[in-house]
>>> print(open('upload-v1.cif').read())   # mmCIF, C-alpha atoms
data_entry
loop_
_atom_site.label_atom_id
_atom_site.label_comp_id
_atom_site.auth_asym_id
_atom_site.auth_seq_id
_atom_site.Cartn_x
_atom_site.Cartn_y
_atom_site.Cartn_z
CA MET A 1 47.42 90.77 51.05
CA SER A 2 45.12 87.87 51.79
CA ASN A 3 45.97 85.54 54.68
CA SER A 4 45.57 82.35 52.63
CA HIS A 5 48.65 80.23 51.82
CA ARG A 6 51.53 82.70 51.63
CA THR A 7 55.09 82.23 50.45
CA ALA A 8 58.24 84.31 50.79
CA ALA A 9 61.66 84.14 49.10
CA PHE A 10 64.89 85.82 50.17
CA HIS A 11 68.13 86.86 48.51
CA THR A 12 71.14 88.36 50.30
CA LEU A 13 73.91 90.50 48.82
CA GLY A 14 77.05 91.44 50.72
CA CYS A 15 78.47 90.55 54.10
CA LYS A 16 77.96 87.91 56.77
CA LEU A 17 76.07 90.47 58.82
CA ASN A 18 73.50 90.74 56.04
CA PHE A 19 73.09 86.95 55.99
CA ALA A 20 72.42 86.97 59.75
CA GLU A 21 69.82 89.73 59.35
CA THR A 22 68.09 88.08 56.37
CA SER A 23 67.70 84.94 58.50
CA THR A 24 66.06 86.97 61.27
CA ILE A 25 63.63 88.62 58.83
CA ALA A 26 62.88 85.20 57.31
CA ARG A 27 62.10 83.78 60.76
CA GLN A 28 59.71 86.68 61.40
CA LEU A 29 57.82 85.83 58.21
CA THR A 30 57.76 82.06 58.78
CA ASP A 31 56.56 82.64 62.38
CA ALA A 32 53.74 84.73 60.86
CA GLY A 33 52.68 81.83 58.63
CA TYR A 34 54.71 82.35 55.44
CA ASP A 35 56.32 79.33 53.80
CA LYS A 36 59.91 79.98 52.72
CA VAL A 37 60.65 79.07 49.09
CA SER A 38 63.65 79.37 46.76
CA PHE A 39 64.20 82.80 45.17
CA ASP A 40 63.63 81.40 41.67
CA GLU A 41 60.23 79.94 42.61
CA SER A 42 56.91 81.73 42.47
CA ALA A 43 56.41 83.58 45.78
CA ASN A 44 54.02 86.17 47.19
CA ILE A 45 56.88 88.19 48.69
CA TYR A 46 60.49 88.61 47.53
CA VAL A 47 62.87 90.20 50.04
CA ILE A 48 66.22 91.41 48.68
CA ASN A 49 68.78 92.44 51.30
CA THR A 50 71.21 94.82 49.57
CA CYS A 51 74.81 95.92 50.09
CA SER A 52 76.39 99.32 49.44
CA VAL A 53 80.01 98.16 49.49
CA THR A 54 80.02 96.51 46.06
CA GLU A 55 80.69 98.78 43.09
CA ASN A 56 77.61 97.52 41.27
CA ALA A 57 75.00 97.87 44.02
CA ASP A 58 72.49 99.43 41.63
CA ARG A 59 73.02 96.84 38.89
CA GLU A 60 72.88 93.91 41.30
CA CYS A 61 69.67 95.20 42.87
CA LYS A 62 68.00 95.57 39.44
CA LEU A 63 69.19 92.12 38.39
CA HIS A 64 67.56 90.39 41.36
CA VAL A 65 64.34 92.42 41.02
CA LYS A 66 64.15 91.10 37.44
CA ARG A 67 64.74 87.54 38.71
CA ALA A 68 61.83 87.94 41.14
CA MET A 69 59.54 89.38 38.46
CA LYS A 70 60.42 86.51 36.13
CA ALA A 71 59.52 83.96 38.82
CA ASN A 72 56.22 85.70 39.62
CA PRO A 73 55.18 88.98 37.90
CA GLU A 74 52.54 89.49 40.62
CA GLY A 75 54.97 88.93 43.52
CA LEU A 76 55.62 91.84 45.88
CA VAL A 77 59.26 92.95 45.93
CA VAL A 78 60.70 94.41 49.16
CA ILE A 79 64.22 95.94 49.19
CA VAL A 80 66.05 96.25 52.53
CA GLY A 81 69.68 96.68 53.64
CA CYS A 82 72.49 99.22 53.29
CA TYR A 83 71.75 100.27 49.71
CA ALA A 84 68.09 100.72 50.63
CA GLN A 85 69.10 103.12 53.42
CA LEU A 86 71.50 105.11 51.23
CA LYS A 87 69.44 105.36 48.01
CA PRO A 88 65.77 104.69 48.89
CA GLU A 89 64.25 107.05 46.30
CA GLU A 90 66.47 105.70 43.53
CA ILE A 91 65.51 102.10 44.34
CA SER A 92 61.81 102.95 44.50
CA GLN A 93 62.02 103.93 40.80
CA ILE A 94 63.20 100.45 39.75
CA GLU A 95 60.44 98.68 37.84
CA GLY A 96 58.94 95.92 39.97
CA VAL A 97 59.94 97.32 43.39
CA ASP A 98 56.96 97.75 45.73
CA LEU A 99 58.50 98.59 49.10
CA VAL A 100 61.84 100.01 50.30
CA LEU A 101 62.65 99.70 54.00
CA GLY A 102 65.55 101.54 55.63
CA ALA A 103 67.81 100.45 58.49
CA LYS A 104 65.25 101.15 61.21
CA GLU A 105 62.22 99.73 59.37
CA LYS A 106 63.52 96.42 57.96
CA PHE A 107 62.87 94.48 61.17
CA ASN A 108 59.25 95.70 61.20
CA ILE A 109 58.60 94.27 57.74
CA LEU A 110 55.40 92.48 58.82
CA SER A 111 53.66 95.73 59.74
CA TYR A 112 54.13 96.97 56.16
CA LEU A 113 52.98 93.86 54.30
CA ASP A 114 49.27 93.59 55.15
CA ASP A 115 48.17 96.57 53.07
CA LEU A 116 50.84 96.26 50.40
CA GLU A 117 49.71 95.82 46.81
CA LYS A 118 51.61 95.45 43.54
CA SER A 119 52.81 98.89 42.52
CA GLU A 120 51.72 100.34 39.17
CA SER A 121 54.33 103.09 39.38
CA GLU A 122 57.07 103.56 41.94
CA GLY A 123 57.58 101.66 45.21
CA ILE A 124 56.69 102.97 48.68
CA VAL A 125 59.62 104.15 50.80
CA HIS A 126 59.82 103.89 54.58
CA SER A 127 63.26 105.11 55.55
CA CYS A 128 64.23 107.08 58.65
CA GLU A 129 67.15 109.47 58.99
CA ILE A 130 70.11 107.25 59.91
CA GLU A 131 70.58 109.23 63.16
CA GLU A 132 67.36 107.60 64.41
CA THR A 133 68.84 104.11 64.05
CA ASP A 134 70.05 103.65 67.59
CA PHE A 135 68.52 100.30 68.60
CA PHE A 136 69.90 96.80 68.22
CA ILE A 137 68.17 93.75 66.74
CA GLY A 138 69.94 90.49 67.56
CA SER A 139 70.25 88.19 64.56
CA TYR A 140 71.74 84.91 63.53
CA SER A 141 71.62 82.83 60.38
CA ILE A 142 70.86 79.13 60.36
CA GLY A 143 70.61 78.44 56.64
CA ASP A 144 73.80 76.38 56.69
CA ARG A 145 73.76 73.24 58.81
CA THR A 146 77.49 73.55 59.49
CA ARG A 147 77.93 77.15 60.68
CA ALA A 148 75.85 80.10 61.85
CA PHE A 149 76.62 83.82 61.62
CA LEU A 150 75.83 85.44 64.99
CA LYS A 151 75.41 89.22 64.97
CA VAL A 152 76.79 90.85 68.13
CA GLN A 153 77.24 94.48 67.06
CA ASP A 154 75.98 96.92 64.41
CA GLY A 155 76.90 100.37 63.09
CA CYS A 156 80.21 102.23 63.30
CA ASP A 157 81.46 105.48 64.88
CA TYR A 158 84.65 105.56 62.82
CA LYS A 159 84.99 108.17 60.09
CA CYS A 160 87.11 106.35 57.49
CA THR A 161 87.21 108.66 54.48
CA TYR A 162 86.25 105.98 51.90
CA CYS A 163 83.36 104.32 53.75
CA THR A 164 79.56 104.69 53.55
CA ILE A 165 78.73 102.07 56.19
CA PRO A 166 78.11 104.62 59.00
CA LEU A 167 75.63 106.36 56.65
CA ALA A 168 73.92 103.03 55.92
CA ARG A 169 73.96 101.42 59.37
CA GLY A 170 74.18 104.26 61.89
CA ILE A 171 76.05 104.54 65.17
CA SER A 172 77.94 101.75 66.91
CA ARG A 173 75.68 99.69 69.14
CA SER A 174 75.75 96.21 70.63
CA ASP A 175 73.57 93.33 71.68
CA THR A 176 73.56 92.50 75.40
CA ILE A 177 75.89 89.73 76.52
CA GLU A 178 72.84 87.88 77.89
CA ASN A 179 71.13 87.90 74.49
CA VAL A 180 74.27 86.90 72.58
CA VAL A 181 74.77 83.96 74.95
CA LYS A 182 71.08 83.00 74.62
CA ASN A 183 71.39 83.05 70.80
CA ALA A 184 74.59 80.99 70.98
CA LYS A 185 72.81 78.37 73.11
CA GLU A 186 69.91 78.27 70.61
CA ILE A 187 72.42 77.67 67.80
CA ALA A 188 74.14 74.94 69.84
CA ALA A 189 70.78 73.23 70.38
CA ARG A 190 70.40 72.91 66.58
CA ASP A 191 73.59 70.85 66.34
CA ILE A 192 75.38 73.60 64.39
CA LYS A 193 79.08 73.07 64.98
CA GLU A 194 80.50 76.53 64.25
CA ILE A 195 79.52 80.09 65.11
CA VAL A 196 81.03 83.07 63.25
CA LEU A 197 80.77 86.30 65.29
CA THR A 198 79.76 89.18 63.02
CA GLY A 199 79.18 92.91 63.20
CA VAL A 200 80.26 96.11 61.45
CA ASN A 201 82.98 96.80 64.03
CA ILE A 202 82.91 93.89 66.50
CA GLY A 203 85.99 95.01 68.42
CA ASP A 204 83.88 98.01 69.54
CA TYR A 205 81.50 95.56 71.23
CA GLY A 206 79.88 96.89 74.40
CA LYS A 207 79.18 100.41 73.18
CA GLY A 208 75.44 101.03 73.11
CA GLU A 209 74.67 97.73 74.84
CA PHE A 210 72.20 99.51 77.15
CA GLY A 211 71.23 102.38 74.87
CA ASN A 212 74.02 104.75 75.92
CA LYS A 213 77.46 105.40 74.45
CA ARG A 214 79.42 103.90 77.37
CA HIS A 215 81.15 100.56 77.18
CA GLU A 216 79.41 98.51 79.86
CA HIS A 217 81.29 95.47 78.61
CA THR A 218 84.20 94.91 76.23
CA PHE A 219 84.92 92.52 73.39
CA LEU A 220 87.07 90.55 75.84
CA ASP A 221 84.07 90.23 78.22
CA LEU A 222 81.95 88.97 75.33
CA ILE A 223 84.35 86.28 74.15
CA SER A 224 85.05 85.24 77.77
CA GLU A 225 81.30 84.54 78.25
CA LEU A 226 80.93 82.78 74.89
CA ASN A 227 83.93 80.63 75.77
CA LYS A 228 81.81 79.09 78.56
CA VAL A 229 78.87 78.09 76.31
CA GLU A 230 78.57 74.31 76.09
CA GLY A 231 77.85 72.52 72.83
CA ILE A 232 79.57 74.85 70.35
CA GLU A 233 82.60 73.13 68.89
CA ARG A 234 84.03 76.20 67.16
CA ILE A 235 83.70 79.96 67.43
CA ARG A 236 85.35 82.04 64.73
CA ILE A 237 85.90 85.80 65.03
CA SER A 238 85.14 87.64 61.80
CA SER A 239 86.88 90.89 60.84
CA ILE A 240 88.26 92.88 63.82
CA GLU A 241 90.08 96.24 63.74
CA PRO A 242 93.79 95.97 64.68
CA ASN A 243 93.57 98.76 67.26
CA LEU A 244 90.72 96.91 69.02
CA LEU A 245 92.33 93.47 69.00
CA LYS A 246 94.04 93.41 72.40
CA ASP A 247 96.69 91.04 73.73
CA GLU A 248 94.21 89.64 76.28
CA SER A 249 91.78 88.61 73.50
CA ILE A 250 94.59 86.96 71.53
CA GLU A 251 95.71 85.11 74.68
CA LEU A 252 92.15 83.91 75.38
CA VAL A 253 91.79 82.53 71.84
CA SER A 254 95.17 80.77 72.13
CA LYS A 255 94.01 78.90 75.26
CA SER A 256 90.37 78.34 74.29
CA LYS A 257 88.84 75.01 73.33
CA SER A 258 86.12 76.63 71.22
CA PHE A 259 87.67 79.80 69.72
CA VAL A 260 89.68 78.83 66.66
CA PRO A 261 93.14 80.14 65.67
CA HIS A 262 91.94 82.34 62.84
CA PHE A 263 91.91 86.15 62.70
CA HIS A 264 90.80 88.51 59.94
CA ILE A 265 92.32 91.96 60.48
CA PRO A 266 91.71 94.89 58.09
CA LEU A 267 94.90 96.72 57.09
CA GLN A 268 93.66 98.72 54.05
CA SER A 269 97.12 100.14 53.29
CA GLY A 270 100.75 99.44 54.16
CA SER A 271 101.58 103.15 53.74
CA ASP A 272 101.34 105.24 56.92
CA ASP A 273 100.67 108.33 54.79
CA LEU A 274 97.62 106.67 53.24
CA LEU A 275 96.40 105.26 56.56
CA LYS A 276 96.31 108.85 57.84
CA LYS A 277 94.42 110.03 54.71
CA MET A 278 91.97 107.15 55.23
CA LYS A 279 91.53 108.23 58.90
CA ARG A 280 92.34 104.73 60.09
CA ARG A 281 93.08 104.51 63.82
CA TYR A 282 96.48 102.82 63.70
CA LEU A 283 99.72 102.83 61.72
CA THR A 284 101.72 99.94 60.26
CA LYS A 285 103.80 99.46 63.43
CA LEU A 286 100.71 98.58 65.49
CA TYR A 287 99.46 96.27 62.75
CA ASN A 288 102.83 94.52 62.61
CA ASP A 289 102.74 94.10 66.42
CA ARG A 290 99.28 92.48 66.29
CA VAL A 291 100.35 89.93 63.65
CA ASN A 292 103.54 89.08 65.51
CA LYS A 293 101.67 88.68 68.82
CA ILE A 294 99.32 86.17 67.17
CA ARG A 295 102.25 84.28 65.64
CA GLU A 296 104.05 84.24 69.01
CA VAL A 297 101.19 82.45 70.84
CA MET A 298 99.60 80.62 67.87
CA PRO A 299 102.29 79.76 65.29
CA ASP A 300 99.77 77.91 63.08
CA ALA A 301 96.98 80.53 63.18
CA ALA A 302 95.42 81.72 59.92
CA ILE A 303 95.64 85.50 59.52
CA GLY A 304 93.56 87.16 56.80
CA VAL A 305 94.00 90.79 55.72
CA ASP A 306 91.71 93.33 54.00
CA VAL A 307 93.52 95.76 51.74
CA ILE A 308 92.26 98.58 49.48
CA ILE A 309 94.24 99.50 46.38
CA GLY A 310 93.85 102.61 44.23
CA PHE A 311 92.95 105.03 47.04
CA PRO A 312 93.53 108.69 46.03
CA GLY A 313 97.19 109.55 46.53
CA GLU A 314 98.36 105.95 46.17
CA THR A 315 101.46 106.60 44.07
CA GLU A 316 103.51 103.72 42.69
CA GLU A 317 105.88 104.22 45.63
CA ARG A 318 103.10 104.04 48.21
CA PHE A 319 101.59 100.97 46.54
CA MET A 320 104.98 99.25 46.73
CA GLU A 321 105.13 100.14 50.44
CA THR A 322 101.89 98.18 50.83
CA TYR A 323 103.12 95.31 48.66
CA ASN A 324 106.43 94.98 50.50
CA PHE A 325 104.82 95.33 53.93
CA LEU A 326 102.40 92.49 53.13
CA ASN A 327 105.08 90.38 51.48
CA ASP A 328 107.20 90.53 54.65
CA LEU A 329 104.33 89.88 57.08
CA PRO A 330 103.66 86.27 58.20
CA ILE A 331 100.02 86.36 57.04
CA THR A 332 97.90 83.71 55.30
CA TYR A 333 95.71 85.38 52.67
CA LEU A 334 94.40 88.74 51.43
CA HIS A 335 90.98 90.10 50.57
CA VAL A 336 91.81 92.74 47.95
CA PHE A 337 89.35 95.57 47.29
CA THR A 338 89.70 98.07 44.47
CA TYR A 339 88.90 101.59 45.67
CA SER A 340 85.73 102.97 44.09
CA GLU A 341 84.36 106.48 44.53
CA ARG A 342 81.38 106.77 46.89
CA GLU A 343 79.03 109.75 47.17
CA ASN A 344 79.05 111.57 50.52
CA THR A 345 82.52 110.39 51.49
CA GLU A 346 85.54 112.61 52.14
CA ALA A 347 87.78 110.67 49.75
CA VAL A 348 85.67 111.60 46.70
CA GLY A 349 87.17 115.10 46.62
CA MET A 350 90.77 114.05 47.24
CA GLU A 351 93.55 114.67 44.75
CA GLY A 352 95.78 112.01 43.25
CA VAL A 353 93.09 109.88 41.57
CA VAL A 354 94.56 106.54 40.45
CA PRO A 355 93.57 105.60 36.86
CA ILE A 356 91.25 102.56 36.62
CA PRO A 357 93.73 100.42 34.57
CA GLU A 358 96.38 101.04 37.24
CA ARG A 359 93.92 100.02 39.99
CA LYS A 360 93.24 96.77 38.13
CA LYS A 361 96.95 96.06 37.69
CA ARG A 362 97.66 96.59 41.40
CA ASN A 363 94.67 94.47 42.37
CA LYS A 364 96.03 91.60 40.28
CA MET A 365 99.49 91.90 41.82
CA LEU A 366 98.08 91.58 45.32
CA ARG A 367 95.79 88.70 44.39
CA ILE A 368 98.82 86.80 43.08
CA LEU A 369 100.65 87.60 46.32
CA SER A 370 97.64 86.34 48.28
CA GLU A 371 97.69 83.02 46.41
CA LYS A 372 101.42 82.62 47.07
CA LYS A 373 100.95 83.37 50.77
CA LYS A 374 98.08 80.92 51.07
CA MET A 375 99.92 78.09 49.31
CA ALA A 376 103.02 78.70 51.46
CA PHE A 377 100.84 78.50 54.59
CA TYR A 378 99.09 75.33 53.37
CA GLN A 379 102.54 73.81 52.73
CA THR A 380 103.43 74.29 56.41
CA GLN A 381 100.31 72.34 57.41
CA LEU A 382 100.94 69.24 55.29
CA GLY A 383 101.66 66.13 57.33
CA LYS A 384 99.73 67.45 60.35
CA THR A 385 96.63 65.70 61.69
CA LEU A 386 93.97 68.39 62.16
CA PRO A 387 90.22 68.54 62.94
CA VAL A 388 88.15 69.12 59.77
CA LEU A 389 84.50 70.24 59.85
CA TRP A 390 82.79 68.86 56.73
CA GLU A 391 80.12 70.81 54.84
CA HIS A 392 76.98 69.31 53.31
CA GLU A 393 77.47 70.14 49.63
CA ASN A 394 78.33 67.39 47.13
CA LYS A 395 80.35 68.96 44.29
CA ASP A 396 81.05 66.42 41.56
CA GLY A 397 81.51 63.63 44.09
CA LYS A 398 83.72 65.69 46.40
CA MET A 399 82.97 67.27 49.77
CA TYR A 400 84.81 70.19 51.34
CA GLY A 401 85.53 71.45 54.82
CA PHE A 402 87.83 73.65 56.87
CA THR A 403 90.38 72.98 59.56
CA GLU A 404 90.25 75.23 62.62
CA ASN A 405 93.00 77.36 61.07
CA TYR A 406 91.08 77.78 57.83
CA VAL A 407 92.81 75.32 55.50
CA ARG A 408 90.23 74.25 52.91
CA VAL A 409 90.29 70.48 52.50
CA GLN A 410 88.54 67.95 50.28
CA LYS A 411 87.76 64.26 50.12
CA ASP A 412 85.36 61.92 48.31
CA PHE A 413 81.78 62.68 49.33
CA ASP A 414 80.56 60.64 52.29
CA GLN A 415 77.09 61.46 53.66
CA SER A 416 78.02 60.22 57.14
CA SER A 417 80.75 62.89 57.40
CA VAL A 418 78.39 65.86 56.80
CA ASN A 419 78.49 68.34 59.73
CA GLN A 420 81.00 66.09 61.52
CA ILE A 421 84.46 66.97 62.79
CA GLU A 422 87.08 64.38 61.86
CA PHE A 423 90.78 64.36 62.72
CA LEU A 424 92.58 63.83 59.44
CA LYS A 425 96.13 64.02 58.14
CA LEU A 426 96.68 66.70 55.50
CA GLU A 427 98.41 65.05 52.55
CA LYS A 428 98.86 67.27 49.49
CA ILE A 429 97.79 70.45 47.77
CA GLU A 430 95.52 69.67 44.80
CA ALA A 431 95.27 71.52 41.49
CA ASP A 432 92.19 73.46 42.68
CA GLY A 433 94.13 74.85 45.66
CA THR A 434 92.46 72.67 48.29
CA VAL A 435 94.25 70.08 50.40
CA SER A 436 93.43 66.37 50.18
CA VAL A 437 93.43 64.28 53.36
CA MET A 438 94.32 60.75 54.29
CA ASN A 439 91.18 58.74 55.06
CA SER A 440 90.13 58.74 58.69
CA PHE A 441 91.07 55.10 59.41
CA GLU A 442 94.62 55.60 58.16
CA SER A 443 94.87 58.86 60.12
CA PHE A 444 93.63 57.07 63.22
CA LEU A 445 96.24 54.29 62.82
CA GLU A 446 98.98 56.91 62.42
CA LYS A 447 97.74 58.76 65.50
CA ILE A 448 98.03 55.67 67.70
#
>>> encode(input="upload-v1.cif", output="structure tokens")
Amino acid sequence: MSNSHRTAAFHTLGCKLNFAETSTIARQLTDAGYDKVSFDESANIYVINTCSVTENADRECKLHVKRAMKANPEGLVVIVGCYAQLKPEEISQIEGVDLVLGAKEKFNILSYLDDLEKSESEGIVHSCEIEETDFFIGSYSIGDRTRAFLKVQDGCDYKCTYCTIPLARGISRSDTIENVVKNAKEIAARDIKEIVLTGVNIGDYGKGEFGNKRHEHTFLDLISELNKVEGIERIRISSIEPNLLKDESIELVSKSKSFVPHFHIPLQSGSDDLLKKMKRRYLTKLYNDRVNKIREVMPDAAIGVDVIIGFPGETEERFMETYNFLNDLPITYLHVFTYSERENTEAVGMEGVVPIPERKKRNKMLRILSEKKKMAFYQTQLGKTLPVLWEHENKDGKMYGFTENYVRVQKDFDQSSVNQIEFLKLEKIEADGTVSVMNSFESFLEKI
């Protein structure tokens, strides 16, 4: 590729971790002289960061390759991410794909671009065996002026029977505390108000920090250090395994000025039989204890739950165990995933396959339960004056933001409020499920 004016476009599929890593790759290219452009514009390079968790990974990948080719038929298309690690040869056959980079190679993208030319046949694959992926690249995303996703950990040593993430991302490994703190300070210096800590299994933080399998530090050590960083208004913990969320971490969050009262804790099933089949590392009693501990020290905390329905062996009775367990728990909302078969996982060969229509029915039941839980939680927050961090988007004259405990609020768009935290009284739940607020002057008068 010539070194004249060069442009690059990026598209991310999947999780917050992917967004953090796309941002790091984008910074590498802009530091090397590329101008970043929108994905639907004509660019020299299109980088698509893929996900293997979605059912339609193959279809989504093809769709965005077509988008790139439509914007510039001569543009070079580079596929990275989990799906690229799992199915590199398959992706290289997609028309328009020029380069596929696996988990180890994606952060060396620049070294592959100089000699890359538009492929006439299939794309070039550079993908190591996942066992070789034992290093850590620190990443954070800064595309959103309001919040940044800060990657602290990667990979997973768990052997959940439904999951391909260890195959796509390798062993559990961590960034050093020093580097995480340095990245947090860089984010603070950009006037970004909120950091979301991300990783594949962030509660396992500390393993692999110095290239070995020992835990030199723990998740508690990490959040204790981040708690001291000046200039970050909010730090939000993304998904954390229940068996790794300790009382001490919950206590620290409850007393912290920067860590917000919001936890997202994967459950996956409310049936102990299924949790054992899934090879999860806890049973429902421990999960129940974690939720009740949070409620004890933070009565107004938001608690989100991941749950998988339709796993092999999920009889009607076992599904109802999950439904009733969740119904009785004082949680805030659910992320409901429908089980889908994945190659190279233990669950693929299990008996008791749940028919697709039944999976869809159960998914719908839990989504309705989630909405009920969320509205009931929002109801408890009405009348309270809470800090709201406003986002920059103007949607039909409205702007949106979140309280610390994850209530989504709205008001008429006001440019001066963008990326600001305002203390506002929550008034009523609107038809779209958000909460409207009293204007700041009225809230201020009520406060005094």
>>> resolve_selection(input="upload-v1.cif", expression="the PyMOL selection byres ((chain A and resi 254-262) around 6)", output="list of chain:residue names")
A:Glu233, A:Arg234, A:Ile235, A:Arg236, A:Glu251, A:Leu252, A:Val253, A:Phe263, A:Ala301, A:Ala302, A:Ile303, A:Glu404, A:Asn405
>>> resolve_selection(input="upload-v1.cif", expression="the PyMOL selection byres ((chain A and resi 397) around 10)", output="list in words")
Glu393, Asn394, Lys395, Asp396, Lys398, Met399, Lys411, Asp412, Phe413 and Asp414 of chain A
>>> residues_near_point(input="upload-v1.cif", point="(65.6, 81.2, 44.0)", cutoff="6 Å", atoms="all atoms listed in the file", output="MDAnalysis selection string")
chainID A and resid 38:41
>>> resolve_selection(input="upload-v1.cif", expression="the PyMOL selection byres ((chain A and resi 156) around 7)", output="MDAnalysis selection string")
chainID A and resid 154:155 157:158 166 170:172 200:201
>>> atom_distance(input="upload-v1.cif", atom1="atom CA of A:Thr385", atom2="atom CA of A:Lys16")
29.4 Å
>>> residues_around(input="upload-v1.cif", residues="stretch 245-248 of chain A", least_positions_apart="5", cutoff="10 Å", atoms="only C-alpha atoms", output="MDAnalysis selection string")
chainID A and resid 202:204 219:220 240 253:254 263 265 287 289:290 293:294
>>> closest_residue(input="upload-v1.cif", among="A:Asn44, A:Ser370, A:Thr218, A:Asn243", to="A:Asp114", atoms="only C-alpha atoms")
A:Asn44
>>> atom_distance(input="upload-v1.cif", atom1="atom CA of A:Thr434", atom2="atom CA of A:Gln379")
11.1 Å
>>> atom_distance(input="upload-v1.cif", atom1="atom CA of A:Arg173", atom2="atom CA of A:Ala32")
27.8 Å
>>> residues_around(input="upload-v1.cif", residues="A:Val181", least_positions_apart="5", cutoff="8 Å", atoms="only C-alpha atoms", output="list in words")
Glu225, Leu226 and Val229 of chain A
>>> closest_residue(input="upload-v1.cif", among="A:Ala20, A:Ile331, A:Ile195, A:Ile237", to="A:Lys151", atoms="only C-alpha atoms")
A:Ala20
>>> residues_around(input="upload-v1.cif", residues="A:Val305", least_positions_apart="4", cutoff="12 Å", atoms="only C-alpha atoms", output="PDB file with C-alpha atoms, in the coordinates of the input")
ATOM      1  CA  SER A 238      85.140  87.640  61.800  1.00  0.00           C
ATOM      2  CA  SER A 239      86.880  90.890  60.840  1.00  0.00           C
ATOM      3  CA  ILE A 240      88.260  92.880  63.820  1.00  0.00           C
ATOM      4  CA  GLU A 241      90.080  96.240  63.740  1.00  0.00           C
ATOM      5  CA  PRO A 242      93.790  95.970  64.680  1.00  0.00           C
ATOM      6  CA  HIS A 262      91.940  82.340  62.840  1.00  0.00           C
ATOM      7  CA  PHE A 263      91.910  86.150  62.700  1.00  0.00           C
ATOM      8  CA  HIS A 264      90.800  88.510  59.940  1.00  0.00           C
ATOM      9  CA  ILE A 265      92.320  91.960  60.480  1.00  0.00           C
ATOM     10  CA  PRO A 266      91.710  94.890  58.090  1.00  0.00           C
ATOM     11  CA  LEU A 267      94.900  96.720  57.090  1.00  0.00           C
ATOM     12  CA  GLN A 268      93.660  98.720  54.050  1.00  0.00           C
ATOM     13  CA  SER A 269      97.120 100.140  53.290  1.00  0.00           C
ATOM     14  CA  GLY A 270     100.750  99.440  54.160  1.00  0.00           C
ATOM     15  CA  TYR A 287      99.460  96.270  62.750  1.00  0.00           C
ATOM     16  CA  ASN A 288     102.830  94.520  62.610  1.00  0.00           C
ATOM     17  CA  ARG A 290      99.280  92.480  66.290  1.00  0.00           C
ATOM     18  CA  VAL A 291     100.350  89.930  63.650  1.00  0.00           C
ATOM     19  CA  THR A 322     101.890  98.180  50.830  1.00  0.00           C
ATOM     20  CA  PHE A 325     104.820  95.330  53.930  1.00  0.00           C
ATOM     21  CA  LEU A 326     102.400  92.490  53.130  1.00  0.00           C
ATOM     22  CA  ASN A 327     105.080  90.380  51.480  1.00  0.00           C
ATOM     23  CA  LEU A 329     104.330  89.880  57.080  1.00  0.00           C
ATOM     24  CA  PRO A 330     103.660  86.270  58.200  1.00  0.00           C
ATOM     25  CA  ILE A 331     100.020  86.360  57.040  1.00  0.00           C
ATOM     26  CA  THR A 332      97.900  83.710  55.300  1.00  0.00           C
ATOM     27  CA  TYR A 333      95.710  85.380  52.670  1.00  0.00           C
ATOM     28  CA  LEU A 334      94.400  88.740  51.430  1.00  0.00           C
ATOM     29  CA  HIS A 335      90.980  90.100  50.570  1.00  0.00           C
ATOM     30  CA  VAL A 336      91.810  92.740  47.950  1.00  0.00           C
ATOM     31  CA  PHE A 337      89.350  95.570  47.290  1.00  0.00           C
ATOM     32  CA  LEU A 366      98.080  91.580  45.320  1.00  0.00           C
ATOM     33  CA  ARG A 367      95.790  88.700  44.390  1.00  0.00           C
ATOM     34  CA  LEU A 369     100.650  87.600  46.320  1.00  0.00           C
ATOM     35  CA  SER A 370      97.640  86.340  48.280  1.00  0.00           C
ATOM     36  CA  LYS A 373     100.950  83.370  50.770  1.00  0.00           C
ATOM     37  CA  LYS A 374      98.080  80.920  51.070  1.00  0.00           C
TER      38      LYS A 374
END
>>> closest_residue(input="upload-v1.cif", among="A:Tyr46, A:Leu150, A:His64, A:Ile232", to="A:Phe19", atoms="all atoms listed in the file")
A:Leu150
>>> residues_near_point(input="upload-v1.cif", point="(86.3, 69.0, 65.0)", cutoff="8 Å", atoms="only C-alpha atoms", output="PDB file with C-alpha atoms, in the frame of the given file")
ATOM      1  CA  GLU A 233      82.600  73.130  68.890  1.00  0.00           C
ATOM      2  CA  ARG A 234      84.030  76.200  67.160  1.00  0.00           C
ATOM      3  CA  PRO A 387      90.220  68.540  62.940  1.00  0.00           C
ATOM      4  CA  VAL A 388      88.150  69.120  59.770  1.00  0.00           C
ATOM      5  CA  LEU A 389      84.500  70.240  59.850  1.00  0.00           C
ATOM      6  CA  THR A 403      90.380  72.980  59.560  1.00  0.00           C
ATOM      7  CA  GLU A 404      90.250  75.230  62.620  1.00  0.00           C
ATOM      8  CA  GLN A 420      81.000  66.090  61.520  1.00  0.00           C
ATOM      9  CA  ILE A 421      84.460  66.970  62.790  1.00  0.00           C
ATOM     10  CA  GLU A 422      87.080  64.380  61.860  1.00  0.00           C
ATOM     11  CA  PHE A 423      90.780  64.360  62.720  1.00  0.00           C
TER      12      PHE A 423
END
>>> residues_around(input="upload-v1.cif", residues="A:Glu343", least_positions_apart="3", cutoff="12 Å", atoms="all atoms listed in the file", output="PyMOL selection string")
chain A and resi 52-53+55+86-87+161-165+167+340+346-349
>>> axis_aligned_box(input="upload-v1.cif", around="stretch 415-421 of chain A", padding_each_side="4 Å", output="lines of an AutoDock Vina configuration file")
center_x = 80.8
center_y = 64.3
center_z = 58.2
size_x = 15.4
size_y = 16.1
size_z = 17.1
>>> closest_residue(input="upload-v1.cif", among="A:Thr198, A:Ser111, A:Asn344, A:Ser174", to="A:Glu216", atoms="only C-alpha atoms")
A:Ser174
